[in-house]
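Chemist: This one is start-v2.txt, compact mmCIF, C-alpha atoms.
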# COMPACT_ATOMS: atom_id res chain seq x y z
CA MET A 1 -36.88 -2.26 12.87
CA ALA A 2 -33.34 -2.26 11.55
CA ARG A 3 -31.78 1.18 11.90
CA LYS A 4 -28.85 0.56 9.58
CA VAL A 5 -30.44 0.70 6.15
CA LEU A 6 -28.53 0.25 2.92
CA THR A 7 -29.11 3.29 0.71
CA ALA A 8 -27.95 4.66 -2.61
CA GLY A 9 -28.71 7.68 -4.76
CA PRO A 10 -30.82 7.43 -7.93
CA ASN A 11 -27.72 7.85 -10.13
CA THR A 12 -25.97 4.78 -8.69
CA THR A 13 -25.49 2.05 -11.27
CA VAL A 14 -27.45 -1.15 -10.89
CA ALA A 15 -24.14 -3.05 -10.81
CA LYS A 16 -22.88 -0.98 -7.84
CA ALA A 17 -26.21 -1.33 -5.99
CA ALA A 18 -26.27 -5.11 -6.55
CA LYS A 19 -22.69 -5.39 -5.29
CA MET A 20 -23.58 -3.38 -2.16
CA MET A 21 -26.60 -5.64 -1.54
CA ALA A 22 -24.46 -8.77 -1.96
CA GLU A 23 -21.75 -7.46 0.38
CA ARG A 24 -24.31 -6.71 3.10
CA GLY A 25 -26.34 -9.87 2.45
CA VAL A 26 -29.60 -7.98 2.00
CA GLY A 27 -32.36 -8.25 -0.58
CA SER A 28 -33.04 -4.56 -1.10
CA ILE A 29 -31.57 -1.10 -1.12
CA ILE A 30 -33.49 2.11 -0.44
CA ILE A 31 -33.00 4.77 -3.10
CA ALA A 32 -32.83 8.18 -1.48
CA LYS A 33 -32.30 11.80 -2.37
CA GLY A 34 -30.48 13.09 0.68
CA LYS A 35 -32.23 11.32 3.54
CA LYS A 36 -35.61 11.23 1.78
CA PRO A 37 -36.51 7.80 0.39
CA VAL A 38 -37.80 7.97 -3.19
CA GLY A 39 -37.80 4.29 -4.16
CA ILE A 40 -36.56 0.81 -3.42
CA LEU A 41 -34.54 -1.63 -5.48
CA THR A 42 -35.19 -5.28 -4.66
CA GLU A 43 -33.85 -8.62 -5.83
CA ARG A 44 -37.09 -8.98 -7.77
CA ASP A 45 -36.49 -5.65 -9.54
CA LEU A 46 -33.02 -6.86 -10.54
CA LEU A 47 -34.43 -10.09 -11.92
CA MET A 48 -37.53 -8.74 -13.64
CA LYS A 49 -36.20 -5.41 -14.93
CA VAL A 50 -32.51 -6.08 -15.61
CA VAL A 51 -31.64 -9.76 -15.96
CA SER A 52 -34.79 -10.87 -17.80
CA THR A 53 -34.53 -7.97 -20.27
CA ASP A 54 -30.78 -8.42 -20.77
CA LEU A 55 -29.87 -4.89 -19.66
CA ARG A 56 -26.27 -4.09 -18.72
CA PRO A 57 -26.16 -3.42 -14.95
CA SER A 58 -23.08 -1.23 -15.32
CA LYS A 59 -24.96 1.10 -17.70
CA ILE A 60 -28.38 1.37 -16.01
CA ARG A 61 -29.05 3.74 -13.11
CA VAL A 62 -31.17 2.51 -10.19
CA GLY A 63 -33.44 5.53 -10.54
CA LYS A 64 -34.65 4.09 -13.87
CA ILE A 65 -35.69 0.68 -12.52
CA MET A 66 -36.47 1.21 -8.82
CA SER A 67 -39.95 0.57 -7.50
CA ALA A 68 -41.54 3.93 -6.79
CA PRO A 69 -43.32 5.61 -5.18
CA ILE A 70 -42.28 3.97 -1.96
CA LEU A 71 -44.71 3.09 0.81
CA SER A 72 -43.50 3.75 4.35
CA ILE A 73 -44.61 3.78 7.97
CA GLY A 74 -43.89 6.07 10.90
CA PRO A 75 -41.73 4.97 13.85
CA ASN A 76 -44.64 5.06 16.32
CA GLU A 77 -46.94 2.82 14.29
CA ASP A 78 -48.00 -0.51 15.71
CA ILE A 79 -46.27 -3.63 14.35
CA THR A 80 -49.68 -5.03 13.42
CA GLN A 81 -50.34 -1.98 11.25
CA ALA A 82 -46.98 -2.50 9.52
CA ALA A 83 -47.91 -6.13 8.91
CA ARG A 84 -51.28 -5.13 7.45
CA ILE A 85 -49.71 -2.57 5.09
CA MET A 86 -47.16 -5.13 3.95
CA ALA A 87 -49.78 -7.85 3.39
CA LYS A 88 -52.22 -5.54 1.59
CA ASN A 89 -49.52 -4.27 -0.77
CA LYS A 90 -47.61 -7.58 -1.08
CA LEU A 91 -44.43 -6.07 0.35
CA ARG A 92 -41.63 -7.81 2.24
CA ARG A 93 -39.92 -4.57 3.26
CA LEU A 94 -41.36 -1.36 4.67
CA PRO A 95 -39.17 1.72 5.23
CA VAL A 96 -39.67 3.63 8.47
CA VAL A 97 -39.77 7.38 7.85
CA GLU A 98 -39.98 10.27 10.30
CA ARG A 99 -40.53 13.83 9.06
CA GLY A 100 -39.60 12.74 5.54
CA LYS A 101 -36.31 11.13 6.59
CA LEU A 102 -35.46 7.44 6.47
CA ILE A 103 -34.73 6.12 9.97
CA GLY A 104 -35.05 2.36 9.51
CA ILE A 105 -36.70 -0.53 7.76
CA VAL A 106 -39.04 -3.32 8.85
CA THR A 107 -39.06 -6.63 7.01
CA ALA A 108 -41.55 -9.47 7.01
CA SER A 109 -38.86 -11.56 8.71
CA ASP A 110 -38.51 -8.93 11.46
CA ILE A 111 -42.24 -9.01 12.10
CA THR A 112 -42.55 -12.77 12.21
CA ALA A 113 -39.46 -13.09 14.42
CA SER A 114 -40.72 -10.57 16.97
CA SER A 115 -44.42 -11.41 16.74
CA PRO A 116 -44.95 -14.97 15.48
CA GLU A 117 -48.70 -14.56 15.81
CA LEU A 118 -48.56 -12.15 12.83
CA ILE A 119 -47.21 -14.80 10.44
CA GLU A 120 -50.69 -15.18 8.98
CA VAL A 121 -50.89 -11.43 8.34
CA VAL A 122 -47.55 -11.08 6.50
CA GLY A 123 -47.24 -14.74 5.50
CA ARG A 124 -45.94 -15.94 2.18
CA PRO A 125 -48.35 -16.50 -0.68
CA ALA A 126 -49.81 -20.00 -0.55
CA MET A 127 -47.72 -22.55 -2.41
CA PRO A 128 -48.68 -26.12 -3.10
CA ALA A 129 -46.99 -28.48 -0.65
CA ARG A 130 -43.92 -30.34 -1.92
CA GLU A 131 -44.19 -28.79 -5.38
CA GLU A 132 -40.97 -28.81 -7.39
CA ILE A 133 -39.79 -26.07 -9.75
CA GLU A 134 -36.86 -26.03 -12.16
CA GLU A 135 -33.81 -23.73 -12.60
CA SER A 136 -34.05 -21.19 -9.83
CA VAL A 137 -32.22 -19.81 -6.79
CA CYS A 138 -32.25 -21.42 -3.34
CA GLU A 139 -33.73 -19.00 -0.78
CA VAL A 140 -31.29 -20.24 1.89
CA CYS A 141 -27.86 -20.52 0.24
CA GLY A 142 -28.45 -18.54 -2.98
CA GLU A 143 -27.16 -21.28 -5.29
CA VAL A 144 -28.70 -21.67 -8.75
CA THR A 145 -30.01 -25.19 -9.14
CA THR A 146 -32.17 -27.21 -11.49
CA THR A 147 -34.48 -28.46 -8.75
CA LEU A 148 -35.90 -26.61 -5.74
CA HIS A 149 -38.19 -28.03 -3.09
CA GLU A 150 -40.75 -26.22 -0.94
CA VAL A 151 -39.88 -26.62 2.74
CA ASN A 152 -41.62 -24.56 5.43
CA GLY A 153 -42.77 -22.02 2.84
CA MET A 154 -39.28 -21.55 1.33
CA TRP A 155 -37.84 -22.79 -1.97
CA VAL A 156 -34.59 -24.58 -1.21
CA CYS A 157 -32.01 -26.78 -2.95
CA GLU A 158 -31.56 -30.44 -2.05
CA ASN A 159 -28.60 -29.74 0.30
CA CYS A 160 -30.50 -27.09 2.25
CA ARG A 161 -33.63 -29.30 2.28
CA ASP A 162 -31.60 -32.08 3.87
CA THR A 163 -30.11 -29.68 6.42
CA MET A 164 -33.53 -28.24 7.28
CA SER A 165 -35.08 -31.70 7.60
CA GLY A 166 -32.65 -32.67 10.33
What do you get writing this file as structure tokens?

Modeler:
Amino acid sequence: MARKVLTAGPNTTVAKAAKMMAERGVGSIIIAKGKKPVGILTERDLLMKVVSTDLRPSKIRVGKIMSAPILSIGPNEDITQAARIMAKNKLRRLPVVERGKLIGIVTASDITASSPELIEVVGRPAMPAREEIEESVCEVCGEVTTTLHEVNGMWVCENCRDTMSG
């Protein structure tokens, strides 16, 4: 579990939240009222609810587009239980809450790094091997490219594919 969790209030603009996420290099921000988590804003939310609908990030508040209600887990729960909750609900991030207060966050990457045997529980959705897609974002470097390649379950650009291949 990461204890330092990026948070913002529901009245924060989407532009400010996205900038905070970019500065910290994270894919989500927990939306909280005080220390109580009320939602989460993810890269997917930004893409599906702002970019694809041509909304102005500087005018929209995160409280309007966040994913809510938020699922969470207690700090004493087993890592396998966290993995099951994440897999069942197709989540990559699970806030850790104690007595209604946010105390951390567990990600699918955290789980697979600490317990590789759980990869099958929280694993990525099945993707056809070596399939190519057009005009998207590399999961490693973040560059927009016309061609991505599936390598080890990740969609990567040609440069990152070459680096990952050795």

Chemist: Return the single residue from A:Ala113, A:Ile65, A:Val144, A:Ile70 that is closest to Pro37 (chain A), with distances computed using all atoms listed in the file.

Modeler: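 Nearest candidate to Pro37 (chain A) out of A:Ala113, A:Ile65, A:Val144, A:Ile70: A:Ile70.
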
Chemist: Take the point (-48.6, -0.4, 10.9) in the file's coordinates, draw a sphere of radius 12 Å around it, and report as a PDB file with C-alpha atoms, in the frame of the given file every protein, DNA or RNA residue with an atom inside or on it, counting only C-alpha atoms.

Modeler:
ATOM      1  CA  LEU A  71     -44.710   3.090   0.810  1.00  0.00           C
ATOM      2  CA  SER A  72     -43.500   3.750   4.350  1.00  0.00           C
ATOM      3  CA  ILE A  73     -44.610   3.780   7.970  1.00  0.00           C
ATOM      4  CA  GLY A  74     -43.890   6.070  10.900  1.00  0.00           C
ATOM      5  CA  PRO A  75     -41.730   4.970  13.850  1.00  0.00           C
ATOM      6  CA  ASN A  76     -44.640   5.060  16.320  1.00  0.00           C
ATOM      7  CA  GLU A  77     -46.940   2.820  14.290  1.00  0.00           C
ATOM      8  CA  ASP A  78     -48.000  -0.510  15.710  1.00  0.00           C
ATOM      9  CA  ILE A  79     -46.270  -3.630  14.350  1.00  0.00           C
ATOM     10  CA  THR A  80     -49.680  -5.030  13.420  1.00  0.00           C
ATOM     11  CA  GLN A  81     -50.340  -1.980  11.250  1.00  0.00           C
ATOM     12  CA  ALA A  82     -46.980  -2.500   9.520  1.00  0.00           C
ATOM     13  CA  ALA A  83     -47.910  -6.130   8.910  1.00  0.00           C
ATOM     14  CA  ARG A  84     -51.280  -5.130   7.450  1.00  0.00           C
ATOM     15  CA  ILE A  85     -49.710  -2.570   5.090  1.00  0.00           C
ATOM     16  CA  MET A  86     -47.160  -5.130   3.950  1.00  0.00           C
ATOM     17  CA  ALA A  87     -49.780  -7.850   3.390  1.00  0.00           C
ATOM     18  CA  LYS A  88     -52.220  -5.540   1.590  1.00  0.00           C
ATOM     19  CA  LEU A  94     -41.360  -1.360   4.670  1.00  0.00           C
ATOM     20  CA  PRO A  95     -39.170   1.720   5.230  1.00  0.00           C
ATOM     21  CA  VAL A  96     -39.670   3.630   8.470  1.00  0.00           C
ATOM     22  CA  VAL A 106     -39.040  -3.320   8.850  1.00  0.00           C
ATOM     23  CA  ILE A 111     -42.240  -9.010  12.100  1.00  0.00           C
ATOM     24  CA  LEU A 118     -48.560 -12.150  12.830  1.00  0.00           C
ATOM     25  CA  VAL A 121     -50.890 -11.430   8.340  1.00  0.00           C
ATOM     26  CA  VAL A 122     -47.550 -11.080   6.500  1.00  0.00           C
TER      27      VAL A 122
END

Chemist: Between A:Cys138, A:Ile30, A:Val51, A:Lys4, single out the one closest to Glu150 (chain A), counting all atoms listed in the file.

Modeler: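 Using all atoms listed in the file, the shortest distance to Glu150 (chain A) belongs to A:Cys138.
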
Chemist: Calculated over only C-alpha atoms, which of the candidates A:Gly153, A:Val97, A:Cys160, A:Gly34 has the smallest distance to Val140 (chain A)?

Modeler: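 Using only C-alpha atoms, Val140 (chain A) sits closest to A:Cys160.
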
Chemist: Could you pull the residues within 12 Å of Ile31 (chain A), counting all atoms listed in the file, minus those fewer than 4 positions along the same chain, as an MDAnalysis selection string?

Modeler: chainID A and resid 5:14 17 35:42 61:70 95 102

Chemist: So the first atom is CA of Gly25 (chain A) and the second is CA of Met164 (chain A); what is the distance between them in Å, to one decimal place?

Modeler: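 Going from CA of Gly25 (chain A) over to CA of Met164 (chain A), I get 20.3 Å.
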
Chemist: If I take CA of Thr107 (chain A) and CA of Val26 (chain A), how far is one from the other in Å, to one decimal?

Modeler: 10.8 Å

Chemist: Draw an axis-aligned box tight on the listed atoms of region 150-162 of chain A, then pad every side by 8 Å and write out centre and edge lengths in Å to one decimal as lines of an AutoDock Vina configuration file.

Modeler:
center_x = -35.7
center_y = -26.8
center_z = 1.2
size_x = 30.2
size_y = 26.5
size_z = 24.4

Chemist: Calculated over all atoms listed in the file, which of the candidates A:Arg24, A:Lys59, A:Lys16, A:Lys33 has the smallest distance to Lys101 (chain A)?

Modeler: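 Checking each candidate against Lys101 (chain A), we get A:Lys33 as the closest.
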
Chemist: I'd like the interatomic distance between CA of Asp162 (chain A) and CA of His149 (chain A), to a tenth of an Å.

Modeler: 10.4 Å

Chemist: Pick out the closest residue to Thr163 (chain A) from this set: A:Met20, A:Val137, A:Val151, A:Met1. Count all atoms listed in the file.

Modeler: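 Of A:Met20, A:Val137, A:Val151, A:Met1, the one nearest Thr163 (chain A), counting all atoms listed in the file, is A:Val151.
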